[in-house]
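Below is one structure; the comments refer to it alone.
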Amino acid sequence: MFLELSFFQNIAPVFVLYFFYGLAFLFLGASIAIKDMKASTLRISGSLWLLSVFGFSHGIHEWLELYKLVQHQNLNDVETFWLNLVSLFLVLFSYEFLLQFGLSLIYAFNKHKMIKFAQLIAFIIFMIYGFAFFFVEQDSDLSFLHQMNLIIRRTFGLFGSLVAASGLITYS
């Protein structure tokens with residue numbers, strides 16, 4: 001009578017976690033992107049697109065991580081390298097937009113020139129990190145990408161989260 005869902009018995013819980021974690025970010029991006037904010041009187045309406053881009057790019061990043069987990073036995077070294085490189089760029093890209101969203105929130109309430117300067121510095125650092133990806137050699141081991149991942153998460157990820165949280169607290 002009941003259809004047995006044997007397909008779901010073979011899926012590791014971590015795969016389900018990555019799937020829904022990425023889906024949550026994609027829903028974040030989509031929920032902001034489909035909302036018409038042209039007539040909005042919210043102070044943050046002009047910077048919500050930054051949060052939307054963060055949601056889309058971070059959701060895709062998480063699904064790419066899921067793909068790497070699911071297919072790791074079937075990937076050769078070159079494919080693994082390129083997937084890691086694209087994933088690393090996506091995480092850098094998403095955290096840059098989260099940081100810019102937080103800075104623009106703070107700027108909406110405090111029109112201090114230092115905030116615009118911080119946005120410029122964050123963009124310059126993003127460009128330097130992004131430029132470093134062009135010098136990564138395919139035949140190198142993945143240790144450089146692993147180190148860059150840690151650096152990106154400790155700089156853009158941490159500061160982007162803290163600045164966005166601070167901006168949202170200020171707004172509320």
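Starting from 1 in every chain, residues are counted up; chains themselves are A, B, ... following the order of the structure tokens, and ligands are numbered from 1 as listed.
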
Notebook entry, point to check: Which polymer residues have any atom within 6 Å of an atom of region 47-63 of chain A, counting only C-alpha atoms, with same-chain residues fewer than 4 positions away left out, as a ChimeraX atom specification?
Noted result: /A:22,25-26,28-29,32,87,90,94,97-98,101

Next item on the list: Go through A:Ala108, A:Val14, A:Ala24, A:Ile169 one by one, measure the shortest atom-to-atom distance of each to Leu66 (chain A) using only C-alpha atoms, and give the residue with the smallest value.
Entry: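 Going through A:Ala108, A:Val14, A:Ala24, A:Ile169 one by one, the smallest distance to Leu66 (chain A) is for A:Val14.
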
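Minimum atom-to-atom distance to Asn84 (chain A), evaluated using only C-alpha atoms, belongs to A:Leu64 out of A:Leu120, A:Leu168, A:Leu17, A:Leu64.
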
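The gap separating CA of Pro13 (chain A) from CA of Val86 (chain A) is 24.7 Å, in Å to one decimal.
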
Need to verify the contact set: region 43-46 of chain A, 12 Å, only C-alpha atoms, exclusion of same-chain residues closer than 4 positions in sequence. Can you return it as a compact mmCIF listing (two decimals) with N, CA, C and O atoms, in the first residue's frame?
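Listing of out_4.txt after writing:
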# COMPACT_ATOMS: atom_id res chain seq x y z
N ILE A 32 14.03 37.95 -1.31
CA ILE A 32 14.35 39.37 -1.45
C ILE A 32 14.26 39.79 -2.92
O ILE A 32 13.74 40.87 -3.24
N ALA A 33 14.72 38.92 -3.82
CA ALA A 33 14.76 39.28 -5.24
C ALA A 33 13.38 39.45 -5.84
O ALA A 33 13.19 40.31 -6.72
N LYS A 35 10.67 40.45 -4.32
CA LYS A 35 9.90 41.52 -3.66
C LYS A 35 10.17 42.85 -4.36
O LYS A 35 11.31 43.24 -4.56
N ASP A 36 9.10 43.54 -4.73
CA ASP A 36 9.23 44.85 -5.37
C ASP A 36 9.47 45.90 -4.28
O ASP A 36 8.59 46.17 -3.46
N MET A 37 10.65 46.49 -4.29
CA MET A 37 11.03 47.44 -3.25
C MET A 37 11.07 48.88 -3.78
O MET A 37 11.55 49.77 -3.08
N LYS A 38 10.56 49.12 -4.97
CA LYS A 38 10.66 50.45 -5.57
C LYS A 38 9.93 51.52 -4.76
O LYS A 38 10.41 52.64 -4.64
N ALA A 39 8.79 51.19 -4.20
CA ALA A 39 8.00 52.17 -3.46
C ALA A 39 8.22 52.05 -1.95
O ALA A 39 7.50 52.66 -1.17
N LEU A 50 22.04 43.44 -1.93
CA LEU A 50 23.32 42.85 -1.53
C LEU A 50 23.10 41.56 -0.74
O LEU A 50 23.81 40.57 -0.92
N LEU A 51 22.10 41.59 0.14
CA LEU A 51 21.77 40.39 0.92
C LEU A 51 21.22 39.29 0.01
O LEU A 51 21.49 38.12 0.22
N SER A 52 20.47 39.69 -1.01
CA SER A 52 19.94 38.72 -1.96
C SER A 52 21.07 38.02 -2.73
O SER A 52 21.06 36.79 -2.89
N PHE A 101 26.69 44.51 2.52
CA PHE A 101 25.34 44.72 3.04
C PHE A 101 25.40 45.32 4.44
O PHE A 101 24.70 46.29 4.73
N GLY A 102 26.23 44.75 5.30
CA GLY A 102 26.36 45.27 6.65
C GLY A 102 26.87 46.70 6.68
O GLY A 102 26.35 47.55 7.42
N LEU A 103 27.88 46.98 5.87
CA LEU A 103 28.42 48.34 5.82
C LEU A 103 27.40 49.33 5.27
O LEU A 103 27.31 50.47 5.75
N SER A 104 26.62 48.91 4.29
CA SER A 104 25.61 49.83 3.75
C SER A 104 24.48 50.06 4.76
O SER A 104 23.91 51.16 4.80
N LEU A 105 24.18 49.08 5.58
CA LEU A 105 23.19 49.28 6.65
C LEU A 105 23.68 50.31 7.65
O LEU A 105 22.94 51.21 8.06
N ILE A 106 24.92 50.15 8.06
CA ILE A 106 25.48 51.09 9.02
C ILE A 106 25.55 52.48 8.41
O ILE A 106 25.24 53.48 9.08
N TYR A 107 25.91 52.57 7.14
CA TYR A 107 26.00 53.88 6.47
C TYR A 107 24.63 54.54 6.37
O TYR A 107 24.52 55.77 6.39
N ALA A 108 23.56 53.76 6.27
CA ALA A 108 22.21 54.32 6.17
C ALA A 108 21.85 55.11 7.43
O ALA A 108 21.03 56.03 7.38
N PHE A 109 22.46 54.77 8.56
CA PHE A 109 22.16 55.45 9.82
C PHE A 109 23.27 56.38 10.27
O PHE A 109 23.04 57.27 11.08
N ASN A 110 24.46 56.16 9.78
CA ASN A 110 25.60 56.97 10.19
C ASN A 110 26.38 57.31 8.93
O ASN A 110 27.20 56.52 8.47
N ALA A 164 27.24 42.78 9.46
CA ALA A 164 25.82 42.65 9.09
C ALA A 164 24.96 42.56 10.34
O ALA A 164 23.88 43.19 10.41
N GLY A 167 24.77 45.98 11.85
CA GLY A 167 23.87 46.83 11.06
C GLY A 167 22.41 46.50 11.31
O GLY A 167 21.57 47.40 11.42
N LEU A 168 22.09 45.21 11.42
CA LEU A 168 20.70 44.83 11.67
C LEU A 168 20.26 45.22 13.09
O LEU A 168 19.12 45.64 13.30
N THR A 170 21.46 47.80 14.73
CA THR A 170 21.30 49.25 14.63
C THR A 170 19.96 49.59 13.98
O THR A 170 19.26 50.48 14.44
N TYR A 171 19.62 48.86 12.95
CA TYR A 171 18.36 49.11 12.25
C TYR A 171 17.15 48.81 13.13
O TYR A 171 16.18 49.54 13.13
N SER A 172 17.24 47.74 13.90
CA SER A 172 16.08 47.35 14.71
C SER A 172 15.90 48.27 15.89
O SER A 172 14.85 48.40 16.44

Note to self: One number please: CA of Leu92 (chain A) to CA of Ile152 (chain A), in Å, one decimal.
What the structure shows: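 A separation of 6.2 Å between them.
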
Checklist line | DSSP alpha helix (DSSP H) residues within region 42-151 of chain A, as a VMD selection string | finding: chain A and resid 48 to 71 77 to 109 113 to 132 143 to 151

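If you look at CA of Ser161 (chain A) and CA of Gly130 (chain A), they are 19.8 Å away from each other.
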